[in-house]
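What's in target_17.txt: compact mmCIF, C-alpha atoms and all ligand atoms
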# COMPACT_ATOMS: atom_id res chain seq x y z
CA MET A 1 -47.29 -25.79 51.57
CA ASP A 2 -46.19 -25.46 55.21
CA CYS A 3 -42.43 -25.01 55.67
CA GLY A 4 -40.82 -25.96 58.96
CA GLU A 5 -38.04 -24.05 60.80
CA SER A 6 -35.20 -26.03 59.16
CA CYS A 7 -36.79 -25.52 55.76
CA VAL A 8 -36.92 -21.74 56.31
CA ARG A 9 -33.25 -21.76 57.38
CA GLN A 10 -32.33 -23.75 54.28
CA LYS A 11 -34.17 -21.26 52.08
CA LYS A 12 -32.40 -18.36 53.79
CA ARG A 13 -29.00 -20.01 53.28
CA ARG A 14 -29.76 -20.61 49.60
CA CYS A 15 -30.85 -16.98 49.20
CA CYS A 16 -27.69 -15.80 50.94
CA LEU A 17 -25.51 -18.00 48.69
CA ILE A 18 -27.18 -16.71 45.52
CA PHE A 19 -26.78 -13.14 46.76
CA CYS A 20 -23.07 -13.68 47.56
CA VAL A 21 -22.32 -15.32 44.19
CA ALA A 22 -24.21 -12.54 42.38
CA SER A 23 -22.29 -9.85 44.30
CA VAL A 24 -18.92 -11.46 43.53
CA LEU A 25 -19.85 -11.75 39.85
CA LEU A 26 -20.94 -8.12 39.78
CA VAL A 27 -17.65 -6.98 41.35
CA VAL A 28 -15.64 -9.06 38.84
CA VAL A 29 -17.64 -7.69 35.89
CA LEU A 30 -17.27 -4.12 37.16
CA ALA A 31 -13.51 -4.58 37.64
CA VAL A 32 -13.09 -5.96 34.10
CA VAL A 33 -15.17 -3.13 32.58
CA TRP A 34 -13.26 -0.52 34.59
CA THR A 35 -9.90 -1.92 33.52
CA LEU A 36 -11.00 -1.94 29.89
CA VAL A 37 -12.27 1.64 30.16
CA LEU A 38 -8.99 2.74 31.73
CA ARG A 39 -7.05 0.92 29.02
CA GLN A 40 -9.10 2.68 26.36
CA GLU A 41 -8.62 6.04 28.05
CA LYS A 42 -4.92 6.02 28.76
CA GLY A 43 -3.58 2.91 27.02
CA GLN A 44 0.12 2.79 27.44
CA VAL A 45 0.62 6.15 25.80
CA GLN A 46 0.27 8.55 28.73
CA PRO A 47 2.46 6.67 31.24
CA VAL A 48 5.08 6.02 28.56
CA PHE A 49 4.97 9.66 27.46
CA PHE A 50 5.52 11.01 30.97
CA ALA A 51 8.08 8.44 32.06
CA ARG A 52 10.23 9.04 28.99
CA CYS A 53 9.68 12.81 28.91
CA LYS A 54 10.87 13.12 32.52
CA THR A 55 14.29 11.79 31.55
CA PHE A 56 14.83 15.07 29.65
CA THR A 57 15.43 18.20 31.70
CA GLY A 58 13.95 21.59 30.90
CA TYR A 59 10.62 20.43 29.45
CA ASP A 60 7.13 20.86 30.87
CA CYS A 61 5.90 17.32 30.23
CA GLN A 62 2.28 18.16 31.13
CA ALA A 63 2.27 21.00 28.57
CA LEU A 64 3.80 18.68 25.95
CA TRP A 65 1.22 15.98 26.70
CA ASP A 66 -1.62 18.51 26.38
CA ALA A 67 -0.25 19.79 23.06
CA PHE A 68 0.25 16.19 21.87
CA GLN A 69 -3.32 15.18 22.72
CA LYS A 70 -4.81 18.25 21.09
CA ALA A 71 -3.43 17.07 17.74
CA TYR A 72 -5.71 14.02 17.51
CA VAL A 73 -8.57 14.16 20.07
CA GLN A 74 -12.00 14.99 18.67
CA ARG A 75 -10.80 13.88 15.23
CA ASP A 76 -11.56 10.85 13.15
CA HIS A 77 -8.80 8.23 12.92
CA CYS A 78 -7.77 9.11 9.39
CA ASP A 79 -8.26 12.87 9.65
CA VAL A 80 -5.13 14.01 11.47
CA PRO A 81 -2.88 15.99 9.10
CA MET A 82 0.78 16.52 10.02
CA GLU A 83 0.03 20.24 10.67
CA ALA A 84 -2.11 19.17 13.63
CA TYR A 85 1.17 18.61 15.47
CA ASP A 86 2.48 22.15 14.79
CA PRO A 87 1.71 23.36 18.36
CA LEU A 88 3.48 20.31 19.81
CA ILE A 89 6.58 20.94 17.70
CA ALA A 90 6.44 24.63 18.68
CA ALA A 91 6.38 23.59 22.35
CA ALA A 92 9.55 21.49 21.93
CA PRO A 93 11.46 23.00 19.00
CA VAL A 94 14.31 20.99 17.49
CA GLU A 95 17.65 22.70 18.18
CA PRO A 96 19.64 23.47 15.03
CA ALA A 97 22.26 20.78 14.57
CA CYS A 98 25.31 21.42 12.39
CA ASN A 99 27.30 18.53 10.86
CA THR A 100 25.73 16.04 13.26
CA VAL A 101 22.34 15.18 11.76
CA MET A 102 21.99 11.49 11.02
CA LEU A 103 18.98 10.45 8.94
CA TRP A 104 18.16 6.82 8.17
CA SER A 105 15.77 4.44 6.47
CA LYS A 106 15.45 0.69 7.11
CA THR A 107 18.49 0.75 9.40
CA LYS A 108 16.70 1.69 12.64
CA ASP A 109 18.48 -0.72 14.99
CA LEU A 110 21.97 -0.34 13.55
CA VAL A 111 21.87 3.44 13.31
CA HIS A 112 20.73 3.81 16.91
CA LYS A 113 23.34 1.36 18.18
CA PHE A 114 25.84 3.55 16.37
CA THR A 115 24.58 6.96 17.58
CA GLU A 116 24.29 5.64 21.14
CA LYS A 117 28.07 5.16 21.16
CA ASN A 118 29.05 7.98 18.85
CA LYS A 119 27.79 11.26 20.25
CA CYS A 120 29.01 13.14 17.18
CA PHE A 121 25.82 12.12 15.38
CA VAL A 122 22.22 12.72 16.42
CA THR A 123 19.01 11.15 15.17
CA LEU A 124 15.46 12.37 15.67
CA GLU A 125 15.27 9.95 18.61
CA ASP A 126 17.83 12.08 20.46
CA THR A 127 15.27 14.92 20.62
CA VAL A 128 12.64 14.87 23.35
CA LEU A 129 9.63 14.12 21.11
CA GLY A 130 11.48 11.60 18.96
CA PHE A 131 12.63 9.81 22.11
CA VAL A 132 9.28 9.90 23.92
CA LEU A 133 7.30 8.39 21.05
CA ASN A 134 9.88 6.02 19.60
CA VAL A 135 8.48 2.91 21.23
CA ASN A 136 7.91 -0.14 19.03
CA GLY A 137 4.22 -0.83 18.61
CA LEU A 138 3.09 2.37 20.34
CA THR A 139 -0.08 3.64 18.71
CA TRP A 140 -2.68 6.26 19.52
CA CYS A 141 -5.77 7.92 18.07
CA GLY A 142 -8.84 9.92 19.02
CA LYS A 143 -12.51 9.84 18.17
CA LYS A 144 -15.00 12.54 17.18
CA GLY A 145 -16.97 13.63 20.24
CA SER A 146 -14.37 12.34 22.72
CA ASN A 147 -11.43 13.92 24.52
CA LYS A 148 -9.82 10.57 25.17
CA THR A 149 -6.73 8.86 23.81
CA PHE A 150 -7.47 5.44 22.37
CA THR A 151 -4.94 2.70 21.73
CA VAL A 152 -7.20 0.05 20.28
CA GLY A 153 -8.96 0.30 16.95
CA CYS A 154 -6.45 2.86 15.65
CA PRO A 155 -5.44 2.77 11.97
CA LYS A 156 -2.22 1.11 10.89
CA TRP A 157 0.62 3.09 9.25
CA THR A 158 -0.51 2.11 5.74
CA ASP A 159 -4.28 2.34 6.33
CA CYS A 160 -4.50 6.05 5.51
CA ASP A 161 -2.14 9.00 4.97
CA ASN A 162 -3.53 11.22 7.72
CA ASN A 163 -3.37 8.76 10.58
CA PRO A 164 -2.19 10.13 13.95
CA VAL A 165 1.02 8.11 14.23
CA ARG A 166 2.19 8.60 10.64
CA SER A 167 1.39 12.34 10.81
CA PHE A 168 3.38 12.66 14.02
CA TRP A 169 6.50 11.11 12.43
CA ASN A 170 5.96 13.20 9.30
CA ARG A 171 5.82 16.41 11.32
CA ALA A 172 8.68 15.52 13.66
CA SER A 173 10.84 14.42 10.72
CA ALA A 174 10.08 17.69 8.91
CA ALA A 175 11.17 19.67 11.99
CA PHE A 176 14.33 17.59 12.29
CA ALA A 177 15.26 18.12 8.62
CA ASP A 178 14.49 21.85 8.93
CA ALA A 179 16.95 22.09 11.83
CA ALA A 180 19.77 20.37 9.89
CA CYS A 181 22.77 22.39 8.82
CA GLY A 182 26.22 21.83 7.35
CA ASP A 183 27.00 18.24 6.43
CA VAL A 184 24.14 15.76 6.83
CA THR A 185 24.58 11.98 6.86
CA VAL A 186 22.04 9.27 6.06
CA MET A 187 22.52 5.58 6.86
CA LEU A 188 20.82 3.20 4.43
CA ASN A 189 20.41 -0.53 4.12
CA GLY A 190 22.42 -1.92 1.21
CA SER A 191 21.14 -5.46 1.77
CA ILE A 192 17.75 -4.74 0.25
CA ASP A 193 16.85 -4.07 -3.37
CA VAL A 194 15.31 -0.64 -2.74
CA PRO A 195 17.11 1.15 0.11
CA VAL A 196 14.88 4.23 -0.20
CA THR A 197 11.26 3.55 -1.14
CA PRO A 198 9.13 6.42 -2.50
CA ASP A 199 6.85 6.01 0.54
CA SER A 200 9.63 6.34 3.13
CA THR A 201 9.60 9.35 5.46
CA LEU A 202 13.16 9.97 4.35
CA ARG A 203 12.16 10.39 0.71
CA ARG A 204 8.70 11.95 1.15
CA ILE A 205 9.68 14.48 3.80
CA GLU A 206 13.27 14.80 4.93
CA VAL A 207 15.35 14.92 1.74
CA LYS A 208 13.02 17.51 0.22
CA ARG A 209 13.29 19.77 3.26
CA LEU A 210 17.07 19.97 3.43
CA SER A 211 17.68 23.51 2.29
CA PRO A 212 20.80 25.28 1.03
CA PRO A 213 22.84 27.22 1.95
CA ARG A 214 22.14 25.99 5.50
CA VAL A 215 22.80 22.40 4.39
CA LYS A 216 25.97 21.96 2.40
CA SER A 217 26.14 18.24 1.74
CA LEU A 218 24.32 14.95 2.08
CA THR A 219 26.43 11.81 2.49
CA VAL A 220 24.78 8.42 2.04
CA ILE A 221 26.38 5.63 4.05
CA LEU A 222 25.15 2.50 2.31
CA VAL A 223 25.65 -0.39 4.70
CA ILE A 224 26.58 -3.51 2.74
CA GLN A 225 27.57 -7.05 3.67
CA GLU A 226 31.05 -8.48 3.16
CA ASN A 227 31.46 -10.85 0.15
CA SER A 228 27.81 -10.53 -0.68
CA SER A 229 26.76 -11.15 -4.26
CA THR A 230 23.26 -9.84 -3.55
CA GLY A 231 22.38 -6.37 -2.28
CA THR A 232 22.80 -2.95 -3.77
CA ASN A 233 25.50 -0.38 -4.41
CA CYS A 234 25.70 3.39 -4.79
CA ALA A 235 24.48 3.12 -8.39
CA ASN A 236 21.07 1.91 -7.17
CA ALA A 237 18.10 3.58 -8.89
CA SER A 238 16.44 4.60 -5.61
CA LEU A 239 19.58 6.54 -4.66
CA LYS A 240 19.40 8.36 -7.97
CA ASP A 241 15.86 9.35 -7.02
CA VAL A 242 17.14 10.74 -3.72
CA ARG A 243 19.67 12.77 -5.65
CA LYS A 244 16.92 14.11 -7.89
CA ASP A 245 14.81 15.15 -4.87
CA LEU A 246 17.77 16.91 -3.25
CA ASP A 247 18.28 20.58 -3.99
CA ARG A 248 20.99 20.81 -6.69
CA ARG A 249 23.06 23.20 -4.59
CA ILE A 250 23.55 20.54 -1.91
CA LYS A 251 26.56 18.31 -2.61
CA TYR A 252 25.73 14.60 -2.80
CA LYS A 253 28.09 11.77 -1.89
CA CYS A 254 27.55 8.05 -1.45
CA LYS A 255 29.85 5.57 0.24
CA GLU A 256 29.45 1.81 0.53
CA VAL A 257 30.54 0.70 3.98
CA ILE A 258 30.74 -2.90 5.16
CA GLU A 259 28.58 -3.54 8.22
CA SER A 260 31.52 -4.97 10.20
CA GLN A 261 33.20 -1.56 9.81
CA ILE A 262 30.15 0.13 11.38
CA GLN A 263 30.27 -2.50 14.11
CA GLU A 264 33.92 -1.57 14.72
CA CYS A 265 32.88 2.09 15.04
CA ILE A 266 30.29 0.99 17.62
CA ASP A 267 32.72 -1.21 19.57
CA SER A 268 35.58 1.28 19.67
CA PRO A 269 34.20 4.79 19.29
CA ARG A 270 36.71 7.52 18.53
CA ASN A 271 37.28 10.52 20.71
CA SER A 272 37.32 12.99 17.83
CA CYS A 273 34.32 13.73 15.67
CA GLY A 274 35.70 12.71 12.28
CA PRO A 275 33.77 10.18 10.22
CA CYS A 276 34.40 6.57 11.12
CA TRP A 277 34.24 5.20 7.58
O1 LIG A 301 10.06 5.85 6.83
P1 LIG A 301 11.53 5.93 7.08
O2 LIG A 301 12.13 4.64 7.66
O3 LIG A 301 12.36 6.36 5.91
O4 LIG A 301 11.78 6.98 8.27
C1 LIG A 301 13.04 7.24 8.78
C2 LIG A 301 13.35 8.72 8.79
C3 LIG A 301 14.54 8.95 9.69
O5 LIG A 301 15.53 9.70 9.01
C4 LIG A 301 13.98 9.65 10.93
O6 LIG A 301 14.51 10.97 11.07
O7 LIG A 301 12.26 9.45 9.34
C5 LIG A 301 12.45 9.75 10.72
N1 LIG A 301 11.65 8.76 11.52
C6 LIG A 301 11.97 8.46 12.84
O8 LIG A 301 12.83 9.09 13.45
C7 LIG A 301 11.29 7.36 13.43
N2 LIG A 301 11.44 6.75 14.63
C8 LIG A 301 10.64 5.71 14.64
C9 LIG A 301 10.61 8.11 10.90
N3 LIG A 301 9.97 7.07 11.44
C10 LIG A 301 10.34 6.68 12.70
N4 LIG A 301 9.96 5.66 13.49
C11 LIG A 301 9.10 4.53 13.12
O9 LIG A 301 9.84 3.83 12.12
C12 LIG A 301 7.79 4.93 12.48
O10 LIG A 301 6.73 4.55 13.32
C13 LIG A 301 7.72 4.12 11.19
O11 LIG A 301 6.83 3.04 11.32
C14 LIG A 301 9.06 3.51 10.97
C15 LIG A 301 9.71 4.09 9.72
O12 LIG A 301 10.92 3.49 9.50
P2 LIG A 301 11.57 3.26 8.06
O13 LIG A 301 10.53 2.79 7.05
O14 LIG A 301 12.74 2.37 8.25
What is this structure when it is put down as structure tokens?
Ligand code: N1C
Amino acid sequence: MDCGESCVRQKKRRCCLIFCVASVLLVVVLAVVWTLVLRQEKGQVQPVFFARCKTFTGYDCQALWDAFQKAYVQRDHCDVPMEAYDPLIAAAPVEPACNTVMLWSKTKDLVHKFTEKNKCFVTLEDTVLGFVLNVNGLTWCGKKGSNKTFTVGCPKWTDCDNNPVRSFWNRASAAFADAACGDVTVMLNGSIDVPVTPDSTLRRIEVKRLSPPRVKSLTVILVIQENSSTGTNCANASLKDVRKDLDRRIKYKCKEVIESQIQECIDSPRNSCGPCW
């Protein structure tokens, strides 16, 4: 059929419109794919790692990142043993800490509020690696055949023993316990029935690695509530298990401390390094 001049122009305009819409769609699709690829590659782990690492002086953050990545890249999600992090720990060894080590289980917020104000006690999160990776919800893993860090599709803490996040905390906790000396303190939650579960890092790793004569004593600070009929005390069975796991030559003490007393220690920290309970 014959098409006049205006018809040809109309056709051209339609073609141009289709081409423009298609181009815009292509750009949008490419942008979405690129963002997703970038998210898969770096997730939030790398920027978080560097930003937090840089707040510590004297560490080569690039070298630490490389050692960190080597632990889990090219490995299946559930095939990262704690030993995979040995080179990372060797690159940022935990300084020996005498009479200041503070361990904890199920008291994460309270213990860190306390150690933030009371510099006489240090937790693993005061060391560079503990600080850098102690971000709620931060997760990472690798994949066989890839050098990338993934943040989606990674196993959860309880999915398998040798998952990259759990193995990191196992290894870092082991290094922290190995560096402990003198009197060690552990803050526990006395508002729950089992303050130390068999699966806790504290029980599985840390208590067993405290070694005499370097470590002289372990003091449990069991944080309890005022006038509470529920909750636990120092006679709790899980604390007896801790005692059993502890080398017999290390002295064991347990003290029930009311949470408001800990709060007082946070609100008005003392200048001297004596215990606040
Ligand atoms: O399993 P937990 O406690 O007994 O581990 C606590 C114990 C502390 O003494 C620390 O030295 O192990 C060390 N540790 C950490 O420092 C740490 N920071 C953040 C172990 N786990 C740590 N996390 C995260 O908290 C980790 O991702 C895991 O999910 C929890 C474990 O806390 P928990 O069960 O209260």
Cut-off 6 Å: closest chain A/ligand LIG 301 (chain A) atom pairs per residue, using all atoms listed in the file, as CSV:
residue,atom,partner,partner_atom,distance
A:Leu103,CA,A:LIG301,O5,3.5
A:Trp104,CA,A:LIG301,O5,4.0
A:Ser105,CA,A:LIG301,O2,3.8
A:Lys106,CA,A:LIG301,O14,3.4
A:Lys108,CA,A:LIG301,O14,6.0
A:Leu124,CA,A:LIG301,O8,4.8
A:Glu125,CA,A:LIG301,O8,5.8
A:Asn134,CA,A:LIG301,C8,5.0
A:Trp169,CA,A:LIG301,C9,5.3
A:Ser173,CA,A:LIG301,C5,4.9
A:Ser200,CA,A:LIG301,O1,3.8
A:Thr201,CA,A:LIG301,O1,3.8
A:Leu202,CA,A:LIG301,O3,4.0
Go ahead and save the residues from that selection, with C-alpha atoms, as a PDB file, keeping the file's coordinate frame.
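Contents of out34.pdb, freshly written:
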ATOM      1  CA  LEU A 103      18.980  10.450   8.940  1.00  0.00           C
ATOM      2  CA  TRP A 104      18.160   6.820   8.170  1.00  0.00           C
ATOM      3  CA  SER A 105      15.770   4.440   6.470  1.00  0.00           C
ATOM      4  CA  LYS A 106      15.450   0.690   7.110  1.00  0.00           C
ATOM      5  CA  LYS A 108      16.700   1.690  12.640  1.00  0.00           C
ATOM      6  CA  LEU A 124      15.460  12.370  15.670  1.00  0.00           C
ATOM      7  CA  GLU A 125      15.270   9.950  18.610  1.00  0.00           C
ATOM      8  CA  ASN A 134       9.880   6.020  19.600  1.00  0.00           C
ATOM      9  CA  TRP A 169       6.500  11.110  12.430  1.00  0.00           C
ATOM     10  CA  SER A 173      10.840  14.420  10.720  1.00  0.00           C
ATOM     11  CA  SER A 200       9.630   6.340   3.130  1.00  0.00           C
ATOM     12  CA  THR A 201       9.600   9.350   5.460  1.00  0.00           C
ATOM     13  CA  LEU A 202      13.160   9.970   4.350  1.00  0.00           C
TER      14      LEU A 202
END
Edge lengths and centre in Å to one decimal, as JSON, of the axis-aligned box that encloses all listed atoms of segment 225-237 of chain A with 3 Å added on every side?
{"center_x": 24.8, "center_y": -3.8, "center_z": -2.6, "size_x": 19.4, "size_y": 20.7, "size_z": 18.6}
**Fill in**
Using only C-alpha atoms, the residue out of A:Thr232, A:Asn99, A:Ser268, A:Thr149 with shortest distance to Ile192 of chain A is A:Thr232
**Fill in**
As a check of understanding: the span from atom CA of Pro96 of chain A to atom CA of Arg209 of chain A is 13.9 Å
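Reported to one decimal place, the separation of atom CA of Cys234 of chain A from atom CA of Asp247 of chain A is 18.7 Å.
Atom CA of Cys98 of chain A lies 27.3 Å from atom CA of Phe68 of chain A.
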**Asked** Leaving out Lys148 of chain A and any residue of its chain fewer than 2 positions from it, which residues lie within 7 Å of it when counting only C-alpha atoms, given as a VMD selection string?
**Response** chain A and resid 41 73 142 146 150
**Residue contacts of Ala71 of chain A (9 Å, all atoms listed in the file) excluding same-chain residues fewer than 2 positions away, as an MDAnalysis selection string** = chainID A and resid 66:69 73:75 80:88 164 168
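Taking only C-alpha atoms into account, Phe176 of chain A lies nearest to A:Val128 out of the set A:Pro213, A:Val128, A:Leu64, A:Phe114.
Restricting the calculation to all atoms listed in the file, the smallest distance between Asp109 of chain A and any of A:Ile18, A:Met187, A:Cys154, A:Cys254 is found for A:Met187.
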At a cut-off of 12 Å, using all atoms listed in the file, what residues contact Pro212 of chain A? Leave out same-chain residues fewer than 3 positions from it and give the result as a compact mmCIF listing (two decimals) with C-alpha atoms, keeping the file's coordinate frame.
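As written to disk, selection_4.txt reads:
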# COMPACT_ATOMS: atom_id res chain seq x y z
CA ALA A 177 15.26 18.12 8.62
CA ASP A 178 14.49 21.85 8.93
CA ALA A 179 16.95 22.09 11.83
CA ALA A 180 19.77 20.37 9.89
CA CYS A 181 22.77 22.39 8.82
CA GLY A 182 26.22 21.83 7.35
CA ASP A 183 27.00 18.24 6.43
CA VAL A 184 24.14 15.76 6.83
CA VAL A 207 15.35 14.92 1.74
CA LYS A 208 13.02 17.51 0.22
CA ARG A 209 13.29 19.77 3.26
CA VAL A 215 22.80 22.40 4.39
CA LYS A 216 25.97 21.96 2.40
CA SER A 217 26.14 18.24 1.74
CA LEU A 218 24.32 14.95 2.08
CA LEU A 246 17.77 16.91 -3.25
CA ASP A 247 18.28 20.58 -3.99
CA ARG A 248 20.99 20.81 -6.69
CA ARG A 249 23.06 23.20 -4.59
CA ILE A 250 23.55 20.54 -1.91
CA LYS A 251 26.56 18.31 -2.61
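Using all atoms listed in the file, the residues found no farther than 9 Å from Arg52 of chain A, other than those of its own chain fewer than 3 positions away, are A:Pro47, A:Val48, A:Phe49, A:Thr55, A:Phe56, A:Val128, A:Phe131, A:Val132, A:Leu133.
Among A:Gln44, A:Thr123, A:Thr185, A:Ser260, the residue with the shortest atom-to-atom distance to Glu226 of chain A, counting all atoms listed in the file, is A:Ser260.
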**Asked** Within 12 Å of Pro198 of chain A, counting all atoms listed in the file, which residues qualify if same-chain residues fewer than 3 places away don't, as a PyMOL selection string?
**Response** chain A and resi 105+194-195+201-207+237-242+245
Residue rebuild result segment 197-206 of chain A, all heavy atoms as a compact mmCIF listing (two decimals), keeping the file's coordinate frame:
# COMPACT_ATOMS: atom_id res chain seq x y z
N THR A 197 12.52 3.68 -0.40
CA THR A 197 11.26 3.55 -1.14
C THR A 197 10.60 4.93 -1.27
O THR A 197 10.82 5.81 -0.43
CB THR A 197 10.29 2.60 -0.40
OG1 THR A 197 10.05 3.13 0.91
CG2 THR A 197 10.85 1.20 -0.28
N PRO A 198 9.79 5.12 -2.32
CA PRO A 198 9.13 6.42 -2.50
C PRO A 198 8.24 6.78 -1.30
O PRO A 198 8.02 7.95 -1.01
CB PRO A 198 8.26 6.22 -3.74
CG PRO A 198 8.83 5.03 -4.43
CD PRO A 198 9.47 4.17 -3.39
N ASP A 199 7.76 5.76 -0.58
CA ASP A 199 6.85 6.01 0.54
C ASP A 199 7.58 6.27 1.86
O ASP A 199 6.97 6.57 2.88
CB ASP A 199 5.92 4.80 0.69
CG ASP A 199 4.82 5.07 1.70
OD1 ASP A 199 4.23 6.16 1.63
OD2 ASP A 199 4.57 4.21 2.58
N SER A 200 8.91 6.16 1.86
CA SER A 200 9.63 6.34 3.13
C SER A 200 9.55 7.79 3.60
O SER A 200 9.45 8.71 2.78
CB SER A 200 11.10 5.93 2.96
OG SER A 200 11.72 6.76 2.01
N THR A 201 9.60 7.99 4.90
CA THR A 201 9.60 9.35 5.46
C THR A 201 10.83 10.10 4.96
O THR A 201 10.79 11.29 4.70
CB THR A 201 9.63 9.27 7.00
OG1 THR A 201 8.73 8.26 7.42
CG2 THR A 201 9.24 10.58 7.64
N LEU A 202 11.92 9.35 4.83
CA LEU A 202 13.16 9.97 4.35
C LEU A 202 12.96 10.63 2.99
O LEU A 202 13.33 11.78 2.79
CB LEU A 202 14.25 8.89 4.26
CG LEU A 202 15.58 9.40 3.72
CD1 LEU A 202 16.30 10.23 4.77
CD2 LEU A 202 16.46 8.24 3.27
N ARG A 203 12.33 9.88 2.07
CA ARG A 203 12.16 10.39 0.71
C ARG A 203 11.02 11.41 0.62
O ARG A 203 11.16 12.47 0.00
CB ARG A 203 11.91 9.20 -0.22
CG ARG A 203 11.58 9.58 -1.64
CD ARG A 203 12.65 9.19 -2.62
NE ARG A 203 12.33 9.81 -3.91
CZ ARG A 203 11.80 9.17 -4.92
NH1 ARG A 203 11.53 7.87 -4.83
NH2 ARG A 203 11.53 9.81 -6.05
N ARG A 204 9.88 11.07 1.26
CA ARG A 204 8.70 11.95 1.15
C ARG A 204 8.92 13.30 1.82
O ARG A 204 8.46 14.33 1.36
CB ARG A 204 7.48 11.29 1.80
CG ARG A 204 6.76 10.28 0.98
CD ARG A 204 5.51 9.76 1.68
NE ARG A 204 5.79 9.15 2.98
CZ ARG A 204 5.49 9.66 4.15
NH1 ARG A 204 4.87 10.82 4.23
NH2 ARG A 204 5.80 9.04 5.28
N ILE A 205 9.61 13.28 2.96
CA ILE A 205 9.68 14.48 3.80
C ILE A 205 11.10 15.05 3.92
O ILE A 205 11.35 16.20 3.56
CB ILE A 205 9.17 14.18 5.24
CG1 ILE A 205 7.82 13.47 5.21
CG2 ILE A 205 9.20 15.43 6.12
CD1 ILE A 205 6.60 14.31 5.21
N GLU A 206 12.00 14.23 4.46
CA GLU A 206 13.27 14.80 4.93
C GLU A 206 14.18 15.33 3.81
O GLU A 206 14.65 16.47 3.90
CB GLU A 206 14.01 13.77 5.79
CG GLU A 206 13.25 13.50 7.09
CD GLU A 206 13.86 12.43 7.96
OE1 GLU A 206 14.42 11.45 7.42
OE2 GLU A 206 13.77 12.53 9.18
